[in-house]
>>> print(open('work10.pdb').read())   # PDB, C-alpha atoms and all ligand atoms
ATOM      1  CA  MET Y   1      78.752 -76.148  -2.874
ATOM      2  CA  ILE Y   2      77.112 -75.562  -6.250
ATOM      3  CA  SER Y   3      75.100 -78.465  -7.592
ATOM      4  CA  TYR Y   4      75.279 -79.040 -11.328
ATOM      5  CA  LYS Y   5      71.589 -79.884 -11.172
ATOM      6  CA  ASP Y   6      70.810 -76.276 -10.287
ATOM      7  CA  LEU Y   7      72.761 -75.171 -13.378
ATOM      8  CA  GLY Y   8      70.599 -77.326 -15.667
ATOM      9  CA  LEU Y   9      73.414 -79.784 -16.418
ATOM     10  CA  VAL Y  10      73.197 -83.590 -16.396
ATOM     11  CA  ASN Y  11      75.696 -86.317 -15.480
ATOM     12  CA  SER Y  12      76.739 -88.894 -18.069
ATOM     13  CA  ARG Y  13      74.858 -91.959 -16.761
ATOM     14  CA  GLU Y  14      71.679 -91.806 -18.781
ATOM     15  CA  ILE Y  15      73.180 -90.509 -22.027
ATOM     16  CA  PHE Y  16      75.796 -93.289 -21.932
ATOM     17  CA  ALA Y  17      73.130 -95.934 -21.333
ATOM     18  CA  LYS Y  18      71.235 -94.677 -24.392
ATOM     19  CA  ALA Y  19      74.413 -94.460 -26.491
ATOM     20  CA  MET Y  20      75.304 -98.036 -25.551
ATOM     21  CA  LYS Y  21      71.896 -99.291 -26.656
ATOM     22  CA  GLY Y  22      71.810 -97.164 -29.791
ATOM     23  CA  GLY Y  23      75.312 -97.918 -31.112
ATOM     24  CA  TYR Y  24      76.589 -94.351 -31.166
ATOM     25  CA  ALA Y  25      78.946 -92.200 -29.054
ATOM     26  CA  ILE Y  26      78.548 -88.832 -27.336
ATOM     27  CA  PRO Y  27      80.887 -86.051 -28.471
ATOM     28  CA  ALA Y  28      83.246 -84.693 -25.806
ATOM     29  CA  PHE Y  29      84.534 -81.383 -27.141
ATOM     30  CA  ASN Y  30      87.075 -79.334 -25.168
ATOM     31  CA  PHE Y  31      86.555 -75.630 -24.699
ATOM     32  CA  ASN Y  32      88.508 -72.689 -23.262
ATOM     33  CA  ASN Y  33      86.682 -69.681 -24.685
ATOM     34  CA  MET Y  34      83.360 -68.254 -25.811
ATOM     35  CA  GLU Y  35      83.669 -68.896 -29.546
ATOM     36  CA  GLN Y  36      84.415 -72.595 -29.001
ATOM     37  CA  LEU Y  37      81.455 -72.885 -26.659
ATOM     38  CA  GLN Y  38      79.117 -71.105 -29.078
ATOM     39  CA  ALA Y  39      80.233 -73.385 -31.928
ATOM     40  CA  ILE Y  40      79.721 -76.537 -29.824
ATOM     41  CA  ILE Y  41      76.235 -75.522 -28.678
ATOM     42  CA  GLN Y  42      75.103 -74.310 -32.101
ATOM     43  CA  ALA Y  43      76.332 -77.519 -33.772
ATOM     44  CA  CYS Y  44      74.793 -79.826 -31.174
ATOM     45  CA  VAL Y  45      71.457 -78.012 -31.067
ATOM     46  CA  GLU Y  46      71.214 -78.015 -34.865
ATOM     47  CA  THR Y  47      71.996 -81.740 -34.995
ATOM     48  CA  ARG Y  48      69.946 -82.509 -31.842
ATOM     49  CA  SER Y  49      72.916 -84.204 -30.168
ATOM     50  CA  PRO Y  50      73.695 -84.578 -26.461
ATOM     51  CA  VAL Y  51      77.111 -83.103 -25.668
ATOM     52  CA  ILE Y  52      79.910 -83.258 -23.123
ATOM     53  CA  LEU Y  53      81.611 -79.909 -22.556
ATOM     54  CA  GLN Y  54      85.104 -80.816 -21.556
ATOM     55  CA  VAL Y  55      87.459 -78.679 -19.465
ATOM     56  CA  SER Y  56      91.105 -79.614 -18.881
ATOM     57  CA  SER Y  57      93.004 -78.308 -15.869
ATOM     58  CA  GLY Y  58      94.901 -76.080 -18.317
ATOM     59  CA  ALA Y  59      91.598 -74.705 -19.601
ATOM     60  CA  ARG Y  60      90.464 -74.091 -16.040
ATOM     61  CA  LYS Y  61      93.589 -72.049 -15.372
ATOM     62  CA  TYR Y  62      93.242 -70.197 -18.677
ATOM     63  CA  ALA Y  63      89.576 -69.278 -18.434
ATOM     64  CA  ASN Y  64      89.009 -69.088 -14.643
ATOM     65  CA  GLN Y  65      86.763 -71.625 -12.936
ATOM     66  CA  THR Y  66      84.056 -69.126 -11.964
ATOM     67  CA  LEU Y  67      83.736 -67.851 -15.513
ATOM     68  CA  LEU Y  68      83.690 -71.423 -16.810
ATOM     69  CA  ARG Y  69      80.831 -72.344 -14.527
ATOM     70  CA  TYR Y  70      78.750 -69.390 -15.654
ATOM     71  CA  MET Y  71      79.630 -70.178 -19.263
ATOM     72  CA  ALA Y  72      78.357 -73.738 -18.844
ATOM     73  CA  GLN Y  73      75.190 -72.481 -17.174
ATOM     74  CA  GLY Y  74      74.872 -69.952 -20.002
ATOM     75  CA  ALA Y  75      75.302 -72.775 -22.518
ATOM     76  CA  VAL Y  76      72.218 -74.522 -21.111
ATOM     77  CA  GLU Y  77      70.143 -71.351 -21.512
ATOM     78  CA  TYR Y  78      71.677 -70.626 -24.925
ATOM     79  CA  ALA Y  79      70.690 -74.089 -26.189
ATOM     80  CA  LYS Y  80      67.101 -73.482 -25.083
ATOM     81  CA  GLU Y  81      67.119 -70.088 -26.775
ATOM     82  CA  LEU Y  82      68.319 -71.761 -29.975
ATOM     83  CA  GLY Y  83      65.272 -73.960 -29.756
ATOM     84  CA  TYR Y  84      66.251 -77.290 -28.206
ATOM     85  CA  ASN Y  85      67.055 -78.372 -24.667
ATOM     86  CA  ILE Y  86      69.883 -80.846 -25.368
ATOM     87  CA  PRO Y  87      71.485 -82.784 -22.475
ATOM     88  CA  ILE Y  88      74.728 -80.994 -21.519
ATOM     89  CA  VAL Y  89      77.437 -82.484 -19.283
ATOM     90  CA  LEU Y  90      80.222 -80.373 -17.766
ATOM     91  CA  HIS Y  91      83.203 -82.694 -17.445
ATOM     92  CA  LEU Y  92      86.707 -82.336 -15.993
ATOM     93  CA  ASP Y  93      89.191 -83.742 -18.510
ATOM     94  CA  HIS Y  94      92.303 -85.502 -17.134
ATOM     95  CA  GLY Y  95      91.854 -84.640 -13.463
ATOM     96  CA  ASP Y  96      95.166 -85.521 -11.832
ATOM     97  CA  SER Y  97      94.315 -85.365  -8.119
ATOM     98  CA  PHE Y  98      91.518 -85.983  -5.651
ATOM     99  CA  GLU Y  99      91.622 -82.283  -4.667
ATOM    100  CA  LEU Y 100      91.103 -81.064  -8.246
ATOM    101  CA  CYS Y 101      88.168 -83.443  -8.772
ATOM    102  CA  LYS Y 102      86.622 -82.401  -5.448
ATOM    103  CA  SER Y 103      86.983 -78.724  -6.290
ATOM    104  CA  CYS Y 104      85.336 -79.205  -9.696
ATOM    105  CA  ILE Y 105      82.459 -81.143  -8.122
ATOM    106  CA  GLU Y 106      81.973 -78.289  -5.637
ATOM    107  CA  PHE Y 107      82.025 -75.813  -8.509
ATOM    108  CA  GLY Y 108      79.205 -77.341 -10.524
ATOM    109  CA  PHE Y 109      80.817 -80.035 -12.713
ATOM    110  CA  SER Y 110      78.505 -82.975 -13.384
ATOM    111  CA  SER Y 111      81.245 -85.419 -14.334
ATOM    112  CA  VAL Y 112      84.970 -85.777 -13.648
ATOM    113  CA  MET Y 113      87.832 -87.834 -14.983
ATOM    114  CA  ILE Y 114      90.446 -89.031 -12.540
ATOM    115  CA  ASP Y 115      93.415 -90.001 -14.633
ATOM    116  CA  GLY Y 116      95.575 -92.346 -12.600
ATOM    117  CA  SER Y 117      96.782 -94.128 -15.724
ATOM    118  CA  HIS Y 118     100.433 -93.212 -15.099
ATOM    119  CA  LEU Y 119     100.373 -94.676 -11.593
ATOM    120  CA  PRO Y 120     101.071 -98.290 -10.607
ATOM    121  CA  TYR Y 121      97.840-100.316 -10.873
ATOM    122  CA  ASP Y 122      97.055-100.459  -7.127
ATOM    123  CA  GLU Y 123      97.609 -96.718  -6.698
ATOM    124  CA  ASN Y 124      95.379 -95.993  -9.702
ATOM    125  CA  VAL Y 125      92.669 -98.172  -8.112
ATOM    126  CA  ALA Y 126      92.982 -96.450  -4.719
ATOM    127  CA  LEU Y 127      92.925 -92.891  -6.112
ATOM    128  CA  THR Y 128      90.055 -93.618  -8.474
ATOM    129  CA  ARG Y 129      88.063 -95.315  -5.693
ATOM    130  CA  ARG Y 130      88.515 -92.254  -3.467
ATOM    131  CA  VAL Y 131      87.214 -89.899  -6.164
ATOM    132  CA  VAL Y 132      84.267 -92.185  -6.920
ATOM    133  CA  GLU Y 133      83.262 -92.330  -3.249
ATOM    134  CA  TYR Y 134      83.219 -88.531  -3.046
ATOM    135  CA  ALA Y 135      81.613 -87.891  -6.455
ATOM    136  CA  HIS Y 136      78.792 -90.387  -6.054
ATOM    137  CA  LYS Y 137      77.586 -88.615  -2.892
ATOM    138  CA  TYR Y 138      76.633 -85.761  -5.238
ATOM    139  CA  ASP Y 139      75.482 -87.939  -8.137
ATOM    140  CA  VAL Y 140      78.497 -86.854 -10.198
ATOM    141  CA  THR Y 141      79.785 -89.498 -12.623
ATOM    142  CA  VAL Y 142      83.448 -90.541 -12.804
ATOM    143  CA  GLU Y 143      85.667 -91.653 -15.693
ATOM    144  CA  GLY Y 144      88.817 -93.633 -14.894
ATOM    145  CA  GLU Y 145      91.652 -94.699 -17.201
ATOM    146  CA  LEU Y 146      93.673 -97.858 -17.665
ATOM    147  CA  GLY Y 147      96.605 -98.039 -20.070
ATOM    148  CA  VAL Y 148      98.762 -95.133 -21.244
ATOM    149  CA  LEU Y 149      98.356 -93.152 -24.459
ATOM    150  CA  ALA Y 150     101.560 -92.236 -26.279
ATOM    151  CA  GLY Y 151     102.314 -88.521 -26.542
ATOM    152  CA  VAL Y 152     101.858 -85.617 -24.165
ATOM    153  CA  GLU Y 153      99.070 -85.273 -21.578
ATOM    154  CA  ASP Y 154      99.470 -82.052 -19.617
ATOM    155  CA  GLU Y 155     102.907 -82.392 -17.966
ATOM    156  CA  VAL Y 156     103.211 -86.150 -18.448
ATOM    157  CA  SER Y 157     104.524 -87.671 -21.658
ATOM    158  CA  ALA Y 158     105.003 -91.258 -22.815
ATOM    159  CA  GLU Y 159     107.093 -92.431 -25.768
ATOM    160  CA  GLU Y 160     105.065 -95.531 -26.522
ATOM    161  CA  HIS Y 161     101.478 -96.661 -26.085
ATOM    162  CA  ILE Y 162     100.868 -99.015 -23.208
ATOM    163  CA  TYR Y 163      97.710-100.707 -24.422
ATOM    164  CA  THR Y 164      95.005-101.416 -21.863
ATOM    165  CA  LYS Y 165      95.208-105.021 -20.661
ATOM    166  CA  PRO Y 166      91.807-106.697 -21.074
ATOM    167  CA  ASP Y 167      92.714-108.919 -18.089
ATOM    168  CA  GLU Y 168      92.670-105.903 -15.766
ATOM    169  CA  VAL Y 169      89.467-104.091 -16.725
ATOM    170  CA  GLU Y 170      86.924-106.163 -14.821
ATOM    171  CA  ASP Y 171      88.892-105.964 -11.587
ATOM    172  CA  PHE Y 172      89.442-102.201 -12.039
ATOM    173  CA  VAL Y 173      85.776-101.459 -12.680
ATOM    174  CA  ASN Y 174      84.639-103.604  -9.747
ATOM    175  CA  LYS Y 175      87.163-102.256  -7.267
ATOM    176  CA  THR Y 176      86.767 -98.570  -8.170
ATOM    177  CA  GLY Y 177      83.059 -98.270  -8.972
ATOM    178  CA  VAL Y 178      83.778 -95.935 -11.934
ATOM    179  CA  ASP Y 179      80.978 -95.073 -14.350
ATOM    180  CA  SER Y 180      83.112 -95.227 -17.500
ATOM    181  CA  LEU Y 181      86.584 -96.331 -18.504
ATOM    182  CA  ALA Y 182      89.064 -94.631 -20.855
ATOM    183  CA  ILE Y 183      91.274 -97.147 -22.642
ATOM    184  CA  SER Y 184      94.474 -97.058 -24.668
ATOM    185  CA  ILE Y 185      94.159 -98.762 -28.061
ATOM    186  CA  GLY Y 186      96.468 -96.652 -30.226
ATOM    187  CA  THR Y 187      94.911 -93.195 -30.129
ATOM    188  CA  SER Y 188      97.027 -90.329 -28.752
ATOM    189  CA  HIS Y 189      96.718 -86.651 -27.992
ATOM    190  CA  GLY Y 190      97.639 -83.846 -30.389
ATOM    191  CA  ALA Y 191      98.079 -83.537 -34.161
ATOM    192  CA  PHE Y 192     100.973 -85.977 -34.651
ATOM    193  CA  LYS Y 193      99.568 -89.370 -33.838
ATOM    194  CA  PHE Y 194     101.508 -91.466 -36.339
ATOM    195  CA  LYS Y 195     104.894 -91.143 -38.014
ATOM    196  CA  PRO Y 196     105.034 -90.757 -41.823
ATOM    197  CA  GLY Y 197     105.008 -94.207 -43.367
ATOM    198  CA  GLN Y 198     103.098 -95.728 -40.438
ATOM    199  CA  LYS Y 199      99.611 -97.047 -41.126
ATOM    200  CA  PRO Y 200      97.122 -95.025 -39.015
ATOM    201  CA  LYS Y 201      95.288 -97.780 -37.220
ATOM    202  CA  ILE Y 202      93.688 -98.309 -33.837
ATOM    203  CA  ARG Y 203      93.468-101.705 -32.103
ATOM    204  CA  LEU Y 204      89.785-102.483 -32.434
ATOM    205  CA  ASP Y 205      90.646-106.086 -31.530
ATOM    206  CA  ILE Y 206      91.689-104.958 -28.019
ATOM    207  CA  LEU Y 207      88.510-102.861 -27.726
ATOM    208  CA  TYR Y 208      86.350-105.885 -28.578
ATOM    209  CA  GLU Y 209      88.264-108.046 -26.093
ATOM    210  CA  ILE Y 210      87.680-105.432 -23.373
ATOM    211  CA  GLU Y 211      83.999-105.275 -24.295
ATOM    212  CA  LYS Y 212      83.731-109.044 -23.753
ATOM    213  CA  ARG Y 213      85.172-108.724 -20.249
ATOM    214  CA  ILE Y 214      82.815-105.907 -19.135
ATOM    215  CA  PRO Y 215      79.724-106.212 -21.344
ATOM    216  CA  GLY Y 216      77.547-103.100 -21.469
ATOM    217  CA  PHE Y 217      80.101-100.937 -19.661
ATOM    218  CA  PRO Y 218      80.746 -97.458 -21.181
ATOM    219  CA  ILE Y 219      84.177 -97.083 -22.797
ATOM    220  CA  VAL Y 220      85.867 -93.757 -23.598
ATOM    221  CA  LEU Y 221      88.345 -92.939 -26.351
ATOM    222  CA  HIS Y 222      90.734 -90.051 -25.814
ATOM    223  CA  GLY Y 223      93.001 -88.650 -28.521
ATOM    224  CA  SER Y 224      90.419 -89.119 -31.255
ATOM    225  CA  SER Y 225      91.073 -86.199 -33.569
ATOM    226  CA  SER Y 226      91.416 -87.139 -37.217
ATOM    227  CA  VAL Y 227      93.601 -84.192 -38.262
ATOM    228  CA  PRO Y 228      91.705 -83.401 -41.501
ATOM    229  CA  GLN Y 229      94.296 -82.966 -44.219
ATOM    230  CA  ASP Y 230      92.335 -80.235 -46.029
ATOM    231  CA  ILE Y 231      92.445 -78.142 -42.858
ATOM    232  CA  VAL Y 232      96.175 -78.789 -42.392
ATOM    233  CA  ALA Y 233      96.725 -77.782 -46.050
ATOM    234  CA  GLU Y 234      94.786 -74.554 -45.464
ATOM    235  CA  ILE Y 235      96.876 -73.719 -42.395
ATOM    236  CA  ASN Y 236     100.071 -74.267 -44.375
ATOM    237  CA  LYS Y 237      98.752 -72.326 -47.390
ATOM    238  CA  TYR Y 238      98.248 -69.291 -45.179
ATOM    239  CA  GLY Y 239     101.685 -69.262 -43.571
ATOM    240  CA  GLY Y 240     101.479 -72.206 -41.149
ATOM    241  CA  ALA Y 241     104.203 -74.814 -40.762
ATOM    242  CA  LEU Y 242     102.512 -78.060 -39.783
ATOM    243  CA  LYS Y 243     104.483 -81.006 -41.091
ATOM    244  CA  ASP Y 244     103.590 -84.692 -40.992
ATOM    245  CA  SER Y 245     100.479 -84.252 -38.885
ATOM    246  CA  ILE Y 246      98.396 -87.441 -38.974
ATOM    247  CA  GLY Y 247      95.246 -88.405 -37.040
ATOM    248  CA  ILE Y 248      92.871 -91.329 -36.516
ATOM    249  CA  PRO Y 249      90.886 -92.219 -39.661
ATOM    250  CA  GLU Y 250      87.247 -91.297 -39.154
ATOM    251  CA  ASP Y 251      85.928 -94.637 -40.417
ATOM    252  CA  GLN Y 252      87.773 -96.426 -37.583
ATOM    253  CA  LEU Y 253      86.194 -94.095 -35.021
ATOM    254  CA  ARG Y 254      82.789 -94.724 -36.586
ATOM    255  CA  GLU Y 255      83.332 -98.454 -36.086
ATOM    256  CA  ALA Y 256      84.378 -97.887 -32.471
ATOM    257  CA  ALA Y 257      81.294 -95.735 -31.827
ATOM    258  CA  LYS Y 258      79.062 -98.671 -32.799
ATOM    259  CA  SER Y 259      80.581-100.748 -29.980
ATOM    260  CA  ALA Y 260      80.747-100.048 -26.225
ATOM    261  CA  VAL Y 261      82.547 -96.750 -26.898
ATOM    262  CA  CYS Y 262      80.111 -94.137 -25.569
ATOM    263  CA  LYS Y 263      82.353 -91.032 -25.455
ATOM    264  CA  ILE Y 264      84.851 -89.799 -28.026
ATOM    265  CA  ASN Y 265      87.197 -86.907 -27.119
ATOM    266  CA  ILE Y 266      88.031 -84.362 -29.793
ATOM    267  CA  ASP Y 267      90.086 -81.244 -29.144
ATOM    268  CA  SER Y 268      92.928 -80.922 -31.660
ATOM    269  CA  ASP Y 269      90.701 -80.939 -34.753
ATOM    270  CA  GLY Y 270      88.864 -77.911 -33.361
ATOM    271  CA  ARG Y 271      92.152 -76.143 -32.705
ATOM    272  CA  LEU Y 272      93.207 -76.815 -36.291
ATOM    273  CA  ALA Y 273      89.906 -75.559 -37.729
ATOM    274  CA  MET Y 274      90.077 -72.307 -35.756
ATOM    275  CA  THR Y 275      93.704 -71.749 -36.695
ATOM    276  CA  ALA Y 276      93.005 -72.309 -40.413
ATOM    277  CA  ALA Y 277      90.160 -69.770 -40.411
ATOM    278  CA  VAL Y 278      92.098 -67.143 -38.449
ATOM    279  CA  ARG Y 279      95.171 -67.513 -40.677
ATOM    280  CA  LYS Y 280      93.050 -67.182 -43.815
ATOM    281  CA  VAL Y 281      91.402 -63.933 -42.706
ATOM    282  CA  LEU Y 282      94.608 -62.370 -41.427
ATOM    283  CA  THR Y 283      96.495 -63.312 -44.603
ATOM    284  CA  GLU Y 284      93.815 -62.175 -47.023
ATOM    285  CA  LYS Y 285      92.953 -59.013 -45.071
ATOM    286  CA  PRO Y 286      96.155 -57.870 -43.377
ATOM    287  CA  ALA Y 287      94.557 -54.559 -42.381
ATOM    288  CA  GLU Y 288      91.849 -56.301 -40.322
ATOM    289  CA  PHE Y 289      92.146 -55.807 -36.576
ATOM    290  CA  ASP Y 290      88.647 -56.388 -35.219
ATOM    291  CA  PRO Y 291      88.822 -59.808 -33.452
ATOM    292  CA  ARG Y 292      85.205 -60.501 -34.407
ATOM    293  CA  LYS Y 293      86.261 -60.482 -38.062
ATOM    294  CA  TYR Y 294      88.595 -63.453 -37.582
ATOM    295  CA  LEU Y 295      87.075 -65.182 -34.552
ATOM    296  CA  GLY Y 296      83.639 -65.127 -36.230
ATOM    297  CA  PRO Y 297      84.831 -67.136 -39.275
ATOM    298  CA  ALA Y 298      86.805 -69.381 -36.894
ATOM    299  CA  ARG Y 299      83.599 -70.072 -34.971
ATOM    300  CA  ASP Y 300      81.726 -70.859 -38.214
ATOM    301  CA  LYS Y 301      84.410 -73.295 -39.338
ATOM    302  CA  LEU Y 302      84.400 -74.980 -35.920
ATOM    303  CA  LYS Y 303      80.640 -75.385 -36.007
ATOM    304  CA  GLU Y 304      80.831 -76.982 -39.450
ATOM    305  CA  LEU Y 305      83.519 -79.395 -38.171
ATOM    306  CA  TYR Y 306      81.490 -80.349 -35.073
ATOM    307  CA  LYS Y 307      78.341 -80.991 -37.111
ATOM    308  CA  HIS Y 308      80.349 -83.245 -39.395
ATOM    309  CA  LYS Y 309      81.731 -85.159 -36.384
ATOM    310  CA  VAL Y 310      78.302 -85.608 -34.811
ATOM    311  CA  ILE Y 311      76.645 -86.830 -37.999
ATOM    312  CA  ASN Y 312      79.417 -88.768 -39.749
ATOM    313  CA  VAL Y 313      81.668 -90.018 -36.946
ATOM    314  CA  LEU Y 314      79.751 -90.287 -33.651
ATOM    315  CA  GLY Y 315      76.254 -90.891 -34.959
ATOM    316  CA  SER Y 316      74.745 -88.924 -32.056
ATOM    317  CA  ASN Y 317      72.521 -86.708 -34.199
ATOM    318  CA  ASP Y 318      68.810 -86.785 -33.315
ATOM    319  CA  LYS Y 319      69.591 -88.539 -30.021
ATOM    320  CA  ALA Y 320      69.046 -85.561 -27.701
TER     321      ALA Y 320
HETATM  322  O1  LIG D 401      93.832 -84.133 -23.377
HETATM  323  C1  LIG D 401      94.186 -83.001 -23.647
HETATM  324  C2  LIG D 401      93.211 -81.992 -24.168
HETATM  325  O2  LIG D 401      93.378 -81.844 -25.548
HETATM  326  C3  LIG D 401      93.344 -80.701 -23.415
HETATM  327  O3  LIG D 401      94.517 -80.057 -23.738
HETATM  328  O4  LIG D 401      95.608 -79.576 -21.529
HETATM  329  O5  LIG D 401      96.190 -78.254 -23.601
HETATM  330  O6  LIG D 401      93.971 -77.941 -22.489
HETATM  331  P1  LIG D 401      95.113 -78.888 -22.761
HETATM  332  P1  LIG D 402      92.852 -84.964 -29.466
HETATM  333  O1  LIG D 402      94.157 -84.275 -29.163
HETATM  334  O2  LIG D 402      93.055 -86.116 -30.393
HETATM  335  O3  LIG D 402      91.819 -84.020 -29.968
HETATM  336  O4  LIG D 402      92.317 -85.597 -28.086
HETATM  337  C1  LIG D 402      91.630 -84.804 -27.149
HETATM  338  C2  LIG D 402      91.460 -85.497 -25.836
HETATM  339  O5  LIG D 402      91.621 -86.684 -25.682
HETATM  340  C3  LIG D 402      91.041 -84.665 -24.704
HETATM  341  O6  LIG D 402      91.025 -85.392 -23.521
HETATM  342 ZN    ZN D 403      92.502 -86.908 -23.344
END
>>> encode(input="work10.pdb", output="structure tokens")
Amino acid sequence: MISYKDLGLVNSREIFAKAMKGGYAIPAFNFNNMEQLQAIIQACVETRSPVILQVSSGARKYANQTLLRYMAQGAVEYAKELGYNIPIVLHLDHGDSFELCKSCIEFGFSSVMIDGSHLPYDENVALTRRVVEYAHKYDVTVEGELGVLAGVEDEVSAEEHIYTKPDEVEDFVNKTGVDSLAISIGTSHGAFKFKPGQKPKIRLDILYEIEKRIPGFPIVLHGSSSVPQDIVAEINKYGGALKDSIGIPEDQLREAAKSAVCKINIDSDGRLAMTAAVRKVLTEKPAEFDPRKYLGPARDKLKELYKHKVINVLGSNDKA
């Protein structure tokens, strides 16, 4: 058993409590590799923001769980070396079983998500409760989910959003004992969140209704990439073929961050930024074959994107 506390990590309890009071949200950025991790830490140290390092089960398979743990521990030391000891959470994104959550807790994660959102309500409650009981023994925080996001999540996909029912949230939170709740209000995973002609809009009215039912309880938004159109244009300029990719407008996320939303998940925008930078280098310098020459610019572009998110969307700058 490796305790996250020995790695210098923190759980999400205190940073969420501060975010709730302060009207901002904590960034949850996914990572799979060193350049993404460097960009996240550099951006969050420079903006003095707390951060949630998020690992999906796919990322865990890709990068190896032992390496990931040392990378997270390294991130804590790296932040100090850069000059500021920001709070860093290591979080399992979309855990789909008790066993996976347990294994992550034993491997040094400080926070886990158990995503039972595709299950019937009572099964979601039972599974989430089981994870909470185990996690809380080790002071690890747990995120649950109610409602289903449209689009693809790992192997599961849904055609349509099933918005979170405000009538269910109080019962779910009480019965499970979760520390935060992910909700479905029109965000979705990936770079194609709306169809052309649709108005990109999230249901802030449902969020506010949920907030009334569980005042002061931390809410999480998944699928919150904005798919910056200048980055998409750059990808396409340098040989990409992304068509009709549309994200969540940043001003709507900024509004959400002022409410009970304490955690905003962003992965796709980082993928787009890296891809744009790599394509540019490889197109402009076709003879280049040193990975540092294209991954370095990709890392710089990612860092710039993350700083923008922290300052202009989440409002978590200077809150570390
Ligand atoms: O919610 C999904 C995240 O963007 C992680 O994606 O499962 O491809 O690593 P992934
Ligand atoms: P995006 O695909 O919108 O970046 O969402 C990421 C996410 O929710 C990770 O859990
Ligand atoms: Zn997600």
>>> closest_atom_pairs(input="work10.pdb", of="chain Y", to="ligand ZN 403 (chain D)", cutoff="8 Å", atoms="all atoms listed in the file", output="Markdown table")
| residue | atom | partner | partner_atom | distance |
| --- | --- | --- | --- | --- |
| Y:Asp93 | CA | D:ZN403 | ZN | 6.7 |
| Y:His94 | CA | D:ZN403 | ZN | 6.4 |
| Y:Glu153 | CA | D:ZN403 | ZN | 7.0 |
| Y:Ser188 | CA | D:ZN403 | ZN | 7.8 |
| Y:His189 | CA | D:ZN403 | ZN | 6.3 |
| Y:Leu221 | CA | D:ZN403 | ZN | 7.9 |
| Y:His222 | CA | D:ZN403 | ZN | 4.4 |
| Y:Gly223 | CA | D:ZN403 | ZN | 5.5 |
| Y:Asn265 | CA | D:ZN403 | ZN | 6.5 |
>>> write_last_selection(input="work10.pdb", atoms="C-alpha atoms", output="PDB file, in the coordinates of the input")
ATOM      1  CA  ASP Y  93      89.191 -83.742 -18.510  1.00  0.00           C
ATOM      2  CA  HIS Y  94      92.303 -85.502 -17.134  1.00  0.00           C
ATOM      3  CA  GLU Y 153      99.070 -85.273 -21.578  1.00  0.00           C
ATOM      4  CA  SER Y 188      97.027 -90.329 -28.752  1.00  0.00           C
ATOM      5  CA  HIS Y 189      96.718 -86.651 -27.992  1.00  0.00           C
ATOM      6  CA  LEU Y 221      88.345 -92.939 -26.351  1.00  0.00           C
ATOM      7  CA  HIS Y 222      90.734 -90.051 -25.814  1.00  0.00           C
ATOM      8  CA  GLY Y 223      93.001 -88.650 -28.521  1.00  0.00           C
ATOM      9  CA  ASN Y 265      87.197 -86.907 -27.119  1.00  0.00           C
TER      10      ASN Y 265
END
>>> residues_near_ligand(input="work10.pdb", ligand="ligand LIG 402 (chain D)", cutoff="9 Å", atoms="all atoms listed in the file", output="ChimeraX atom specification")
/Y:28-30,54-56,93-94,153,187-193,221-227,247-248,264-271
>>> residues_around(input="work10.pdb", residues="Leu242 of chain Y", least_positions_apart="2", cutoff="12 Å", atoms="only C-alpha atoms", output="ChimeraX atom specification")
/Y:191-192,227,229,231-240,244-246,272,275-276
>>> write_last_selection(input="work10.pdb", atoms="C-alpha atoms", output="PDB file, in the coordinates of the input")
ATOM      1  CA  ALA Y 191      98.079 -83.537 -34.161  1.00  0.00           C
ATOM      2  CA  PHE Y 192     100.973 -85.977 -34.651  1.00  0.00           C
ATOM      3  CA  VAL Y 227      93.601 -84.192 -38.262  1.00  0.00           C
ATOM      4  CA  GLN Y 229      94.296 -82.966 -44.219  1.00  0.00           C
ATOM      5  CA  ILE Y 231      92.445 -78.142 -42.858  1.00  0.00           C
ATOM      6  CA  VAL Y 232      96.175 -78.789 -42.392  1.00  0.00           C
ATOM      7  CA  ALA Y 233      96.725 -77.782 -46.050  1.00  0.00           C
ATOM      8  CA  GLU Y 234      94.786 -74.554 -45.464  1.00  0.00           C
ATOM      9  CA  ILE Y 235      96.876 -73.719 -42.395  1.00  0.00           C
ATOM     10  CA  ASN Y 236     100.071 -74.267 -44.375  1.00  0.00           C
ATOM     11  CA  LYS Y 237      98.752 -72.326 -47.390  1.00  0.00           C
ATOM     12  CA  TYR Y 238      98.248 -69.291 -45.179  1.00  0.00           C
ATOM     13  CA  GLY Y 239     101.685 -69.262 -43.571  1.00  0.00           C
ATOM     14  CA  GLY Y 240     101.479 -72.206 -41.149  1.00  0.00           C
ATOM     15  CA  ASP Y 244     103.590 -84.692 -40.992  1.00  0.00           C
ATOM     16  CA  SER Y 245     100.479 -84.252 -38.885  1.00  0.00           C
ATOM     17  CA  ILE Y 246      98.396 -87.441 -38.974  1.00  0.00           C
ATOM     18  CA  LEU Y 272      93.207 -76.815 -36.291  1.00  0.00           C
ATOM     19  CA  THR Y 275      93.704 -71.749 -36.695  1.00  0.00           C
ATOM     20  CA  ALA Y 276      93.005 -72.309 -40.413  1.00  0.00           C
TER      21      ALA Y 276
END
>>> residues_around(input="work10.pdb", residues="Glu159 of chain Y", least_positions_apart="3", cutoff="10 Å", atoms="only C-alpha atoms", output="list in words")
Val148, Leu149, Ala150, Gly151, Val152 and Ile162 of chain Y
>>> residues_around(input="work10.pdb", residues="Leu92 of chain Y", least_positions_apart="3", cutoff="8 Å", atoms="all atoms listed in the file", output="VMD selection string")
chain Y and resid 54 to 57 95 101 104 109 111 to 113
>>> write_last_selection(input="work10.pdb", atoms="C-alpha atoms", output="short mmCIF file (atom, residue, chain, number, x, y, z; two decimals), in the coordinates of the input")
data_model
loop_
_atom_site.label_atom_id
_atom_site.label_comp_id
_atom_site.auth_asym_id
_atom_site.auth_seq_id
_atom_site.Cartn_x
_atom_site.Cartn_y
_atom_site.Cartn_z
CA GLN Y 54 85.10 -80.82 -21.56
CA VAL Y 55 87.46 -78.68 -19.46
CA SER Y 56 91.10 -79.61 -18.88
CA SER Y 57 93.00 -78.31 -15.87
CA GLY Y 95 91.85 -84.64 -13.46
CA CYS Y 101 88.17 -83.44 -8.77
CA CYS Y 104 85.34 -79.20 -9.70
CA PHE Y 109 80.82 -80.04 -12.71
CA SER Y 111 81.24 -85.42 -14.33
CA VAL Y 112 84.97 -85.78 -13.65
CA MET Y 113 87.83 -87.83 -14.98
#
